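Next comes protein-v3.pdb, a file with PDB, C-alpha atoms.
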ATOM      1  CA  MET P   1     -31.134  39.545  58.070
ATOM      2  CA  ARG P   2     -33.825  39.343  55.451
ATOM      3  CA  GLU P   3     -33.284  37.196  52.379
ATOM      4  CA  LEU P   4     -32.294  39.307  49.421
ATOM      5  CA  VAL P   5     -34.951  38.504  46.901
ATOM      6  CA  LEU P   6     -37.241  35.755  48.169
ATOM      7  CA  GLY P   7     -40.858  36.794  48.317
ATOM      8  CA  VAL P   8     -41.002  38.528  44.948
ATOM      9  CA  ALA P   9     -42.400  35.465  43.204
ATOM     10  CA  MET P  10     -45.757  35.707  45.021
ATOM     11  CA  LEU P  11     -46.339  39.180  43.663
ATOM     12  CA  LEU P  12     -47.356  37.610  40.406
ATOM     13  CA  ALA P  13     -48.735  34.301  41.554
ATOM     14  CA  CYS P  14     -51.220  36.384  43.540
ATOM     15  CA  PRO P  15     -51.011  39.839  41.972
ATOM     16  CA  VAL P  16     -50.621  41.435  45.333
ATOM     17  CA  SER P  17     -48.069  41.582  48.038
ATOM     18  CA  ALA P  18     -45.959  38.544  48.616
ATOM     19  CA  GLN P  19     -47.517  36.224  51.118
ATOM     20  CA  GLU P  20     -44.500  35.503  53.290
ATOM     21  CA  VAL P  21     -41.907  37.596  55.100
ATOM     22  CA  ARG P  22     -38.716  35.562  54.989
ATOM     23  CA  GLN P  23     -36.247  36.124  57.809
ATOM     24  CA  SER P  24     -33.177  33.946  58.171
ATOM     25  CA  ALA P  25     -29.486  33.825  58.849
ATOM     26  CA  PRO P  26     -27.430  35.437  56.077
ATOM     27  CA  PRO P  27     -26.295  33.196  53.222
ATOM     28  CA  PRO P  28     -22.669  32.071  53.444
ATOM     29  CA  GLY P  29     -20.306  34.584  51.888
ATOM     30  CA  ILE P  30     -22.594  37.560  52.589
ATOM     31  CA  ALA P  31     -21.846  39.836  55.501
ATOM     32  CA  PRO P  32     -24.610  40.008  58.110
ATOM     33  CA  ALA P  33     -26.773  43.104  58.015
ATOM     34  CA  SER P  34     -26.035  45.665  60.710
ATOM     35  CA  GLN P  35     -27.613  44.725  64.036
ATOM     36  CA  THR P  36     -28.117  48.383  64.977
ATOM     37  CA  GLY P  37     -28.048  50.474  61.795
ATOM     38  CA  TRP P  38     -29.888  50.834  58.526
ATOM     39  CA  SER P  39     -29.332  48.553  55.526
ATOM     40  CA  ILE P  40     -30.807  48.721  52.037
ATOM     41  CA  THR P  41     -31.123  45.977  49.434
ATOM     42  CA  LEU P  42     -31.734  46.836  45.787
ATOM     43  CA  GLY P  43     -32.726  44.138  43.327
ATOM     44  CA  ALA P  44     -34.834  42.997  40.414
ATOM     45  CA  ALA P  45     -36.496  39.731  39.448
ATOM     46  CA  PRO P  46     -38.006  38.531  36.152
ATOM     47  CA  VAL P  47     -40.968  36.312  37.083
ATOM     48  CA  LEU P  48     -43.041  33.979  34.905
ATOM     49  CA  GLY P  49     -46.427  33.075  36.349
ATOM     50  CA  PRO P  50     -50.214  33.385  36.021
ATOM     51  CA  ALA P  51     -51.438  36.751  34.727
ATOM     52  CA  TRP P  52     -53.860  36.878  37.690
ATOM     53  CA  GLN P  53     -54.624  34.483  40.516
ATOM     54  CA  GLY P  54     -56.527  31.640  38.873
ATOM     55  CA  SER P  55     -55.459  32.494  35.316
ATOM     56  CA  ARG P  56     -54.599  29.828  32.766
ATOM     57  CA  GLU P  57     -52.555  32.355  30.748
ATOM     58  CA  MET P  58     -48.972  33.100  31.739
ATOM     59  CA  ALA P  59     -47.296  36.484  31.906
ATOM     60  CA  LEU P  60     -43.740  37.759  32.306
ATOM     61  CA  SER P  61     -43.055  40.629  34.675
ATOM     62  CA  ILE P  62     -39.895  42.244  36.011
ATOM     63  CA  PHE P  63     -40.327  43.237  39.638
ATOM     64  CA  PRO P  64     -38.105  45.826  41.316
ATOM     65  CA  ASP P  65     -37.177  44.906  44.872
ATOM     66  CA  LEU P  66     -36.294  47.614  47.380
ATOM     67  CA  ARG P  67     -35.844  46.504  50.991
ATOM     68  CA  VAL P  68     -35.022  48.684  53.983
ATOM     69  CA  ASN P  69     -34.091  47.285  57.400
ATOM     70  CA  TYR P  70     -33.153  48.793  60.715
ATOM     71  CA  GLY P  71     -31.118  46.081  62.395
ATOM     72  CA  GLU P  72     -33.433  43.215  63.291
ATOM     73  CA  THR P  73     -36.190  45.550  64.470
ATOM     74  CA  LEU P  74     -37.873  47.240  61.489
ATOM     75  CA  PHE P  75     -38.321  46.021  57.909
ATOM     76  CA  ALA P  76     -40.000  47.452  54.828
ATOM     77  CA  SER P  77     -40.394  46.270  51.234
ATOM     78  CA  VAL P  78     -43.126  45.788  48.656
ATOM     79  CA  PRO P  79     -43.289  41.965  48.924
ATOM     80  CA  ASP P  80     -42.790  41.851  52.707
ATOM     81  CA  GLY P  81     -44.722  44.960  53.702
ATOM     82  CA  ILE P  82     -43.831  47.214  56.629
ATOM     83  CA  GLY P  83     -43.357  45.523  59.967
ATOM     84  CA  TRP P  84     -41.824  45.655  63.408
ATOM     85  CA  ASN P  85     -40.300  42.728  65.280
ATOM     86  CA  ALA P  86     -41.860  43.733  68.591
ATOM     87  CA  ALA P  87     -40.808  40.369  70.035
ATOM     88  CA  ASN P  88     -37.523  38.823  68.892
ATOM     89  CA  ARG P  89     -35.891  36.212  71.127
ATOM     90  CA  ASP P  90     -35.364  32.463  71.472
ATOM     91  CA  GLY P  91     -36.334  31.885  67.847
ATOM     92  CA  TRP P  92     -39.619  33.795  68.155
ATOM     93  CA  ARG P  93     -40.532  36.878  66.150
ATOM     94  CA  ALA P  94     -43.866  38.649  66.344
ATOM     95  CA  GLY P  95     -45.292  42.075  65.702
ATOM     96  CA  PRO P  96     -47.553  44.302  63.601
ATOM     97  CA  LEU P  97     -47.501  44.200  59.817
ATOM     98  CA  ALA P  98     -48.950  46.195  56.916
ATOM     99  CA  LYS P  99     -48.936  45.184  53.240
ATOM    100  CA  ILE P 100     -50.238  46.348  49.896
ATOM    101  CA  ARG P 101     -52.236  44.137  47.544
ATOM    102  CA  PHE P 102     -52.016  45.365  43.966
ATOM    103  CA  GLY P 103     -55.230  45.845  42.019
ATOM    104  CA  ARG P 104     -56.581  43.646  39.246
ATOM    105  CA  ASN P 105     -57.094  45.067  35.762
ATOM    106  CA  GLU P 106     -59.701  43.464  33.527
ATOM    107  CA  ARG P 107     -57.657  44.279  30.398
ATOM    108  CA  ASN P 108     -54.513  42.254  31.119
ATOM    109  CA  GLY P 109     -54.647  40.804  34.628
ATOM    110  CA  GLY P 110     -53.227  43.702  36.555
ATOM    111  CA  SER P 111     -49.485  43.285  37.198
ATOM    112  CA  PRO P 112     -48.013  46.830  37.239
ATOM    113  CA  PHE P 113     -44.684  45.406  36.060
ATOM    114  CA  LEU P 114     -45.975  43.331  33.117
ATOM    115  CA  ILE P 115     -43.664  43.201  30.091
ATOM    116  CA  ALA P 116     -45.077  40.263  28.079
ATOM    117  CA  GLY P 117     -48.153  38.077  28.006
ATOM    118  CA  GLY P 118     -51.289  38.787  29.998
ATOM    119  CA  SER P 119     -54.922  37.717  29.873
ATOM    120  CA  ASP P 120     -58.224  39.010  28.514
ATOM    121  CA  ALA P 121     -60.278  36.492  30.529
ATOM    122  CA  LEU P 122     -61.302  39.184  33.030
ATOM    123  CA  GLU P 123     -63.097  41.363  30.488
ATOM    124  CA  GLY P 124     -66.472  42.297  31.897
ATOM    125  CA  MET P 125     -65.443  41.639  35.504
ATOM    126  CA  GLY P 126     -64.374  45.233  36.099
ATOM    127  CA  ASN P 127     -61.232  46.500  37.771
ATOM    128  CA  ILE P 128     -60.345  45.965  41.434
ATOM    129  CA  LYS P 129     -58.476  48.753  43.206
ATOM    130  CA  ALA P 130     -55.302  48.230  45.193
ATOM    131  CA  ALA P 131     -55.919  47.306  48.816
ATOM    132  CA  GLY P 132     -54.079  47.846  52.048
ATOM    133  CA  GLU P 133     -53.872  45.031  54.614
ATOM    134  CA  VAL P 134     -52.975  45.546  58.272
ATOM    135  CA  GLY P 135     -52.528  42.936  60.962
ATOM    136  CA  GLY P 136     -49.771  40.985  62.612
ATOM    137  CA  PHE P 137     -47.443  38.004  62.347
ATOM    138  CA  VAL P 138     -45.799  35.397  64.550
ATOM    139  CA  GLU P 139     -42.841  33.252  63.498
ATOM    140  CA  LYS P 140     -40.876  30.466  65.178
ATOM    141  CA  SER P 141     -37.484  29.092  64.123
ATOM    142  CA  PHE P 142     -36.360  25.858  65.751
ATOM    143  CA  GLY P 143     -34.292  22.704  65.375
ATOM    144  CA  PRO P 144     -30.549  22.348  64.741
ATOM    145  CA  ARG P 145     -29.242  25.691  63.445
ATOM    146  CA  ARG P 146     -32.891  26.779  63.567
ATOM    147  CA  ALA P 147     -33.323  25.238  60.139
ATOM    148  CA  TRP P 148     -37.104  24.859  60.568
ATOM    149  CA  ARG P 149     -39.332  27.909  60.417
ATOM    150  CA  THR P 150     -43.096  28.247  60.814
ATOM    151  CA  ARG P 151     -45.007  31.480  60.290
ATOM    152  CA  ALA P 152     -48.552  32.795  60.522
ATOM    153  CA  GLU P 153     -49.983  36.141  59.415
ATOM    154  CA  VAL P 154     -53.493  37.569  59.775
ATOM    155  CA  ARG P 155     -54.427  40.810  58.002
ATOM    156  CA  GLN P 156     -57.584  42.904  57.578
ATOM    157  CA  GLY P 157     -58.052  44.500  54.179
ATOM    158  CA  PHE P 158     -59.306  47.962  53.279
ATOM    159  CA  GLY P 159     -59.674  49.796  49.984
ATOM    160  CA  GLY P 160     -59.785  47.203  47.207
ATOM    161  CA  HIS P 161     -61.296  44.568  49.524
ATOM    162  CA  ASP P 162     -62.506  44.467  53.131
ATOM    163  CA  GLY P 163     -61.905  40.795  53.871
ATOM    164  CA  VAL P 164     -59.545  39.009  56.256
ATOM    165  CA  VAL P 165     -56.550  37.055  54.919
ATOM    166  CA  ALA P 166     -54.446  34.516  56.850
ATOM    167  CA  ASP P 167     -51.166  33.057  55.566
ATOM    168  CA  LEU P 168     -49.651  29.899  57.093
ATOM    169  CA  SER P 169     -46.286  28.458  56.080
ATOM    170  CA  ALA P 170     -43.472  26.158  57.134
ATOM    171  CA  ALA P 171     -40.028  25.748  55.604
ATOM    172  CA  TYR P 172     -36.819  23.806  56.060
ATOM    173  CA  ARG P 173     -33.536  25.473  55.145
ATOM    174  CA  ALA P 174     -30.246  23.705  54.393
ATOM    175  CA  ARG P 175     -26.824  24.807  53.188
ATOM    176  CA  ILE P 176     -25.388  22.979  50.193
ATOM    177  CA  GLY P 177     -21.909  24.273  49.493
ATOM    178  CA  ARG P 178     -22.203  28.051  49.287
ATOM    179  CA  ALA P 179     -25.903  27.915  48.441
ATOM    180  CA  ILE P 180     -28.938  27.899  50.712
ATOM    181  CA  VAL P 181     -31.894  25.727  49.710
ATOM    182  CA  SER P 182     -35.276  26.258  51.354
ATOM    183  CA  ALA P 183     -38.643  24.582  50.716
ATOM    184  CA  GLY P 184     -41.935  23.872  52.419
ATOM    185  CA  PRO P 185     -45.737  23.975  52.363
ATOM    186  CA  ARG P 186     -47.972  27.041  52.518
ATOM    187  CA  MET P 187     -51.659  27.804  52.779
ATOM    188  CA  THR P 188     -53.767  30.950  52.509
ATOM    189  CA  LEU P 189     -57.233  31.338  54.012
ATOM    190  CA  ALA P 190     -59.606  34.206  53.230
ATOM    191  CA  SER P 191     -62.980  35.404  54.472
ATOM    192  CA  ALA P 192     -66.115  35.655  52.327
ATOM    193  CA  PRO P 193     -65.741  39.408  51.544
ATOM    194  CA  PHE P 194     -62.290  38.735  50.062
ATOM    195  CA  MET P 195     -63.470  35.733  48.051
ATOM    196  CA  ARG P 196     -66.463  37.637  46.674
ATOM    197  CA  THR P 197     -64.273  40.534  45.578
ATOM    198  CA  TYR P 198     -61.874  38.379  43.541
ATOM    199  CA  PHE P 199     -63.918  35.290  42.647
ATOM    200  CA  GLY P 200     -67.585  36.182  43.109
ATOM    201  CA  ILE P 201     -69.779  37.088  40.126
ATOM    202  CA  SER P 202     -72.494  39.670  40.681
ATOM    203  CA  PRO P 203     -75.657  39.835  38.529
ATOM    204  CA  ALA P 204     -74.162  42.803  36.644
ATOM    205  CA  GLN P 205     -70.908  40.931  36.008
ATOM    206  CA  SER P 206     -72.925  37.912  34.896
ATOM    207  CA  VAL P 207     -74.686  40.012  32.253
ATOM    208  CA  ARG P 208     -71.402  41.472  30.980
ATOM    209  CA  THR P 209     -69.438  38.191  30.921
ATOM    210  CA  GLY P 210     -72.021  35.471  30.333
ATOM    211  CA  LEU P 211     -70.784  33.664  33.453
ATOM    212  CA  ALA P 212     -73.310  32.375  35.982
ATOM    213  CA  PRO P 213     -73.746  34.456  39.158
ATOM    214  CA  TYR P 214     -71.666  33.147  42.057
ATOM    215  CA  ARG P 215     -71.561  34.162  45.716
ATOM    216  CA  ALA P 216     -68.260  32.890  47.060
ATOM    217  CA  ALA P 217     -67.899  31.710  50.651
ATOM    218  CA  GLY P 218     -64.871  32.038  52.875
ATOM    219  CA  GLY P 219     -62.356  29.221  53.271
ATOM    220  CA  VAL P 220     -59.085  28.007  51.788
ATOM    221  CA  LEU P 221     -57.882  30.341  49.056
ATOM    222  CA  SER P 222     -54.836  28.285  48.017
ATOM    223  CA  TYR P 223     -52.369  25.653  49.220
ATOM    224  CA  GLY P 224     -49.150  24.275  47.830
ATOM    225  CA  LEU P 225     -45.361  24.224  47.978
ATOM    226  CA  GLY P 226     -42.679  26.828  47.503
ATOM    227  CA  GLY P 227     -38.915  26.715  47.333
ATOM    228  CA  ASN P 228     -35.831  28.759  46.563
ATOM    229  CA  VAL P 229     -32.081  28.520  46.101
ATOM    230  CA  ILE P 230     -29.896  31.468  47.143
ATOM    231  CA  ARG P 231     -26.390  31.620  45.660
ATOM    232  CA  PRO P 232     -24.144  34.384  47.038
ATOM    233  CA  LEU P 233     -21.930  36.117  44.498
ATOM    234  CA  ASN P 234     -19.903  38.011  47.103
ATOM    235  CA  ARG P 235     -20.415  39.448  50.594
ATOM    236  CA  ARG P 236     -23.105  41.876  49.437
ATOM    237  CA  SER P 237     -24.896  40.345  46.454
ATOM    238  CA  ALA P 238     -26.668  37.105  45.564
ATOM    239  CA  LEU P 239     -28.826  35.390  42.969
ATOM    240  CA  THR P 240     -32.081  33.733  44.019
ATOM    241  CA  LEU P 241     -33.974  31.120  42.003
ATOM    242  CA  PHE P 242     -37.508  30.670  43.344
ATOM    243  CA  THR P 243     -40.560  28.668  42.381
ATOM    244  CA  SER P 244     -43.985  27.741  43.707
ATOM    245  CA  LEU P 245     -46.786  25.351  42.799
ATOM    246  CA  GLU P 246     -50.187  26.045  44.318
ATOM    247  CA  ARG P 247     -53.762  24.866  43.933
ATOM    248  CA  LEU P 248     -56.806  27.052  44.476
ATOM    249  CA  GLY P 249     -59.150  25.992  47.270
ATOM    250  CA  GLY P 250     -62.827  25.161  46.843
ATOM    251  CA  PRO P 251     -64.458  28.601  47.235
ATOM    252  CA  ALA P 252     -62.175  30.083  44.572
ATOM    253  CA  ALA P 253     -61.977  27.015  42.317
ATOM    254  CA  ASP P 254     -65.773  26.637  42.240
ATOM    255  CA  SER P 255     -66.211  30.101  40.731
ATOM    256  CA  PRO P 256     -67.386  30.039  37.085
ATOM    257  CA  LEU P 257     -64.565  32.515  36.440
ATOM    258  CA  ILE P 258     -62.039  29.793  37.284
ATOM    259  CA  ARG P 259     -63.983  26.815  35.918
ATOM    260  CA  GLU P 260     -64.617  28.428  32.521
ATOM    261  CA  ARG P 261     -61.788  30.940  32.078
ATOM    262  CA  GLY P 262     -59.046  29.871  34.463
ATOM    263  CA  GLN P 263     -57.508  26.861  36.206
ATOM    264  CA  ARG P 264     -56.864  25.645  39.747
ATOM    265  CA  MET P 265     -53.142  24.872  39.439
ATOM    266  CA  GLN P 266     -50.839  27.879  39.580
ATOM    267  CA  ALA P 267     -47.089  27.701  38.925
ATOM    268  CA  THR P 268     -44.518  30.473  39.236
ATOM    269  CA  LEU P 269     -40.799  30.634  38.411
ATOM    270  CA  GLY P 270     -38.421  33.531  38.911
ATOM    271  CA  LEU P 271     -34.779  34.563  39.166
ATOM    272  CA  GLY P 272     -33.756  37.524  41.302
ATOM    273  CA  TYR P 273     -30.619  39.552  41.935
ATOM    274  CA  GLY P 274     -30.039  41.627  45.062
ATOM    275  CA  PHE P 275     -27.282  43.942  46.299
ATOM    276  CA  ARG P 276     -27.137  45.130  49.914
ATOM    277  CA  PHE P 277     -25.396  48.152  51.378
ATOM    278  CA  GLY P 278     -25.491  49.943  54.714
ATOM    279  CA  LEU P 279     -26.060  53.559  55.702
TER     280      LEU P 279
END

Can I see the file as C-alpha cells?
Amino acid sequence: MRELVLGVAMLLACPVSAQEVRQSAPPPGIAPASQTGWSITLGAAPVLGPAWQGSREMALSIFPDLRVNYGETLFASVPDGIGWNAANRDGWRAGPLAKIRFGRNERNGGSPFLIAGGSDALEGMGNIKAAGEVGGFVEKSFGPRRAWRTRAEVRQGFGGHDGVVADLSAAYRARIGRAIVSAGPRMTLASAPFMRTYFGISPAQSVRTGLAPYRAAGGVLSYGLGGNVIRPLNRRSALTLFTSLERLGGPAADSPLIRERGQRMQATLGLGYGFRFGL
C-alpha cells in the first residue's frame, strides 16, 4: 500500500514533483489496499513552504492528491509519478518511473495551487516550463517489521530542463498507538544542466535582474531531514502531518539568486487528508 498523503509536501519545497515515492505497510486501522485490483485515494493538503526552491518568502498552497494503484504492481500520482514495481520481493522494489516537475513563474514562484503569499524575487529571471523526468528507482526495506527503508531514484529531464536528478533517502518507521511516525535523511543531486536552468544566471538575466552572471556546476542540490505522522481516522481515511527541513548544496547556494534574493535553509509544513476506495 502507498501512504495516503505523504509526498505532497515536497511539491512546494521544490515546486515540482515530490522527491520520494513512499511505500509501506498500511497504517493500523486502515484496510490494506487490494493486492490484485485497483484502488484510488483522494485527498488534499494545505502546505506552507518556500514560494520556490531557494526562496526566503513563504507561500501557502492547497495541493489535491489523487493516487491510483493496481495492487502492488502499478502506481500513479502527481507527487509519486507513474511507476511499475517490476521487482517486488524480499523487501526489494525496483522499476521504471516517470514524474512531472512543475514550472517556475517569475511573477510569484510558480506553484499552480498557490492561495496566499508568493515571491517577486524571480522577476527578470524568466519563466521555466514544466519538465518531464523519466528513469528508475530501487528501494529496500529491512530490519524488524521492515521498519527501515532506503531508496534511490535517478531521472533524466526533458522539456523544462534536460539535466539528470538523483534522489537518495532513508527512513525509520515506528507505530505509536494508532499512529505511524516516520523520519529520516534525504539528499538530492543534480547535473550541471539542471543547476544552470534553476540557479544559473545568463548574461541576459544579469542585465534584467542586476545579479552577477553565474554558471552553476553539478553537485548536491539539497540535503536535510523529513518526517511525518499518519493518524488513521477509520479503515479508509487518515490525516497526515508532514514536515521537512533542508539546506541547499553549494552549486545552488552559491548562485547570486540565492545569496542576494533567497536563502539556503528551506522548511515545509503540511497537513493532509486522504480517503481510499477500491474499484

Answer key for the PyMOL selection byres ((chain P and resi 191) around 7), residues as a list of chain:residue names
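On the file shown, the PyMOL selection byres ((chain P and resi 191) around 7) covers P:Gly163, P:Val164, P:Val165, P:Ala190, P:Ala192, P:Pro193, P:Phe194, P:Met195, P:Gly218, P:Gly219.
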
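With distances taken over all atoms listed in the file, P:Pro64 is the one residue among P:Gly157, P:Gly83, P:Pro64, P:Gly262 lying closest to P:Leu42.
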
Could you tell me how far atom CA of P:Thr268 lies from atom CA of P:Asp254, in Å and to one decimal?
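It comes out at 21.8 Å.
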
Proximity to P:Pro185 - best of P:Gly143, P:Gly227, P:Gly278, P:Gly132, all atoms listed in the file
P:Gly227

Given the PyMOL selection byres ((chain P and resi 210) around 12) and the file above, list the residues it selects as a ChimeraX atom specification.
/P:121-125,201-209,211-214,256-257,260-261

Hey, what's within 10 Å of P:Arg259 if we count only C-alpha atoms and toss same-chain stuff fewer than 6 positions away? As a PDB file with C-alpha atoms, in the coordinates of the input, please?
ATOM      1  CA  GLY P  54     -56.527  31.640  38.873  1.00  0.00           C
ATOM      2  CA  LEU P 211     -70.784  33.664  33.453  1.00  0.00           C
ATOM      3  CA  ALA P 252     -62.175  30.083  44.572  1.00  0.00           C
ATOM      4  CA  ALA P 253     -61.977  27.015  42.317  1.00  0.00           C
TER       5      ALA P 253
END

Would you kindly translate the PyMOL selection byres ((chain P and resi 99) around 12) into the concrete residues it picks from this file, as an MDAnalysis selection string?
chainID P and resid 11 16:21 75:83 96:98 100:102 130:137 153:158 165

Selection export as a PDB file, keeping the file's coordinate frame, atoms kept: C-alpha atoms:
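And here's selection.pdb as it stands now:
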ATOM      1  CA  LEU P  11     -46.339  39.180  43.663  1.00  0.00           C
ATOM      2  CA  VAL P  16     -50.621  41.435  45.333  1.00  0.00           C
ATOM      3  CA  SER P  17     -48.069  41.582  48.038  1.00  0.00           C
ATOM      4  CA  ALA P  18     -45.959  38.544  48.616  1.00  0.00           C
ATOM      5  CA  GLN P  19     -47.517  36.224  51.118  1.00  0.00           C
ATOM      6  CA  GLU P  20     -44.500  35.503  53.290  1.00  0.00           C
ATOM      7  CA  VAL P  21     -41.907  37.596  55.100  1.00  0.00           C
ATOM      8  CA  PHE P  75     -38.321  46.021  57.909  1.00  0.00           C
ATOM      9  CA  ALA P  76     -40.000  47.452  54.828  1.00  0.00           C
ATOM     10  CA  SER P  77     -40.394  46.270  51.234  1.00  0.00           C
ATOM     11  CA  VAL P  78     -43.126  45.788  48.656  1.00  0.00           C
ATOM     12  CA  PRO P  79     -43.289  41.965  48.924  1.00  0.00           C
ATOM     13  CA  ASP P  80     -42.790  41.851  52.707  1.00  0.00           C
ATOM     14  CA  GLY P  81     -44.722  44.960  53.702  1.00  0.00           C
ATOM     15  CA  ILE P  82     -43.831  47.214  56.629  1.00  0.00           C
ATOM     16  CA  GLY P  83     -43.357  45.523  59.967  1.00  0.00           C
ATOM     17  CA  PRO P  96     -47.553  44.302  63.601  1.00  0.00           C
ATOM     18  CA  LEU P  97     -47.501  44.200  59.817  1.00  0.00           C
ATOM     19  CA  ALA P  98     -48.950  46.195  56.916  1.00  0.00           C
ATOM     20  CA  ILE P 100     -50.238  46.348  49.896  1.00  0.00           C
ATOM     21  CA  ARG P 101     -52.236  44.137  47.544  1.00  0.00           C
ATOM     22  CA  PHE P 102     -52.016  45.365  43.966  1.00  0.00           C
ATOM     23  CA  ALA P 130     -55.302  48.230  45.193  1.00  0.00           C
ATOM     24  CA  ALA P 131     -55.919  47.306  48.816  1.00  0.00           C
ATOM     25  CA  GLY P 132     -54.079  47.846  52.048  1.00  0.00           C
ATOM     26  CA  GLU P 133     -53.872  45.031  54.614  1.00  0.00           C
ATOM     27  CA  VAL P 134     -52.975  45.546  58.272  1.00  0.00           C
ATOM     28  CA  GLY P 135     -52.528  42.936  60.962  1.00  0.00           C
ATOM     29  CA  GLY P 136     -49.771  40.985  62.612  1.00  0.00           C
ATOM     30  CA  PHE P 137     -47.443  38.004  62.347  1.00  0.00           C
ATOM     31  CA  GLU P 153     -49.983  36.141  59.415  1.00  0.00           C
ATOM     32  CA  VAL P 154     -53.493  37.569  59.775  1.00  0.00           C
ATOM     33  CA  ARG P 155     -54.427  40.810  58.002  1.00  0.00           C
ATOM     34  CA  GLN P 156     -57.584  42.904  57.578  1.00  0.00           C
ATOM     35  CA  GLY P 157     -58.052  44.500  54.179  1.00  0.00           C
ATOM     36  CA  PHE P 158     -59.306  47.962  53.279  1.00  0.00           C
ATOM     37  CA  VAL P 165     -56.550  37.055  54.919  1.00  0.00           C
TER      38      VAL P 165
END

Using all atoms listed in the file, which of P:Asn228, P:Asn108, P:Ser182, P:Gln266 sits nearest P:Leu245?
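Among the listed residues, the smallest separation from P:Leu245 belongs to P:Gln266.
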
Nearest residue to P:Tyr198 out of P:Arg276, P:Lys129, P:Arg67, P:Arg236, using all atoms listed in the file?
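The answer is P:Lys129, which sits nearest to P:Tyr198.
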
Since the input has fewer atoms than a full residue there, write stretch 90-102 of chain P out with N, CA and C atoms, as a PDB file, in the frame of the given file.
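Written output follows (result-v8.pdb):
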ATOM      1  N   ASP P  90     -35.205  33.918  71.363  1.00  0.00           N
ATOM      2  CA  ASP P  90     -35.364  32.463  71.472  1.00  0.00           C
ATOM      3  C   ASP P  90     -36.039  31.858  70.244  1.00  0.00           C
ATOM      4  N   GLY P  91     -35.759  32.407  69.077  1.00  0.00           N
ATOM      5  CA  GLY P  91     -36.334  31.885  67.847  1.00  0.00           C
ATOM      6  C   GLY P  91     -37.712  32.413  67.520  1.00  0.00           C
ATOM      7  N   TRP P  92     -38.291  33.221  68.393  1.00  0.00           N
ATOM      8  CA  TRP P  92     -39.619  33.795  68.155  1.00  0.00           C
ATOM      9  C   TRP P  92     -39.498  35.201  67.586  1.00  0.00           C
ATOM     10  N   ARG P  93     -40.353  35.511  66.642  1.00  0.00           N
ATOM     11  CA  ARG P  93     -40.532  36.878  66.150  1.00  0.00           C
ATOM     12  C   ARG P  93     -42.024  37.127  66.044  1.00  0.00           C
ATOM     13  N   ALA P  94     -42.451  38.307  66.442  1.00  0.00           N
ATOM     14  CA  ALA P  94     -43.866  38.649  66.344  1.00  0.00           C
ATOM     15  C   ALA P  94     -44.012  40.160  66.357  1.00  0.00           C
ATOM     16  N   GLY P  95     -45.065  40.642  65.704  1.00  0.00           N
ATOM     17  CA  GLY P  95     -45.292  42.075  65.702  1.00  0.00           C
ATOM     18  C   GLY P  95     -46.340  42.486  64.692  1.00  0.00           C
ATOM     19  N   PRO P  96     -46.579  43.786  64.564  1.00  0.00           N
ATOM     20  CA  PRO P  96     -47.553  44.302  63.601  1.00  0.00           C
ATOM     21  C   PRO P  96     -46.986  44.300  62.191  1.00  0.00           C
ATOM     22  N   LEU P  97     -47.895  44.303  61.219  1.00  0.00           N
ATOM     23  CA  LEU P  97     -47.501  44.200  59.817  1.00  0.00           C
ATOM     24  C   LEU P  97     -48.532  44.891  58.933  1.00  0.00           C
ATOM     25  N   ALA P  98     -48.062  45.582  57.908  1.00  0.00           N
ATOM     26  CA  ALA P  98     -48.950  46.195  56.916  1.00  0.00           C
ATOM     27  C   ALA P  98     -48.423  45.873  55.528  1.00  0.00           C
ATOM     28  N   LYS P  99     -49.318  45.539  54.608  1.00  0.00           N
ATOM     29  CA  LYS P  99     -48.936  45.184  53.240  1.00  0.00           C
ATOM     30  C   LYS P  99     -49.851  45.864  52.235  1.00  0.00           C
ATOM     31  N   ILE P 100     -49.410  45.873  50.988  1.00  0.00           N
ATOM     32  CA  ILE P 100     -50.238  46.348  49.896  1.00  0.00           C
ATOM     33  C   ILE P 100     -50.559  45.178  48.979  1.00  0.00           C
ATOM     34  N   ARG P 101     -51.796  45.149  48.507  1.00  0.00           N
ATOM     35  CA  ARG P 101     -52.236  44.137  47.544  1.00  0.00           C
ATOM     36  C   ARG P 101     -52.576  44.886  46.264  1.00  0.00           C
ATOM     37  N   PHE P 102     -51.803  44.644  45.211  1.00  0.00           N
ATOM     38  CA  PHE P 102     -52.016  45.365  43.966  1.00  0.00           C
ATOM     39  C   PHE P 102     -53.394  45.069  43.388  1.00  0.00           C
TER      40      PHE P 102
END
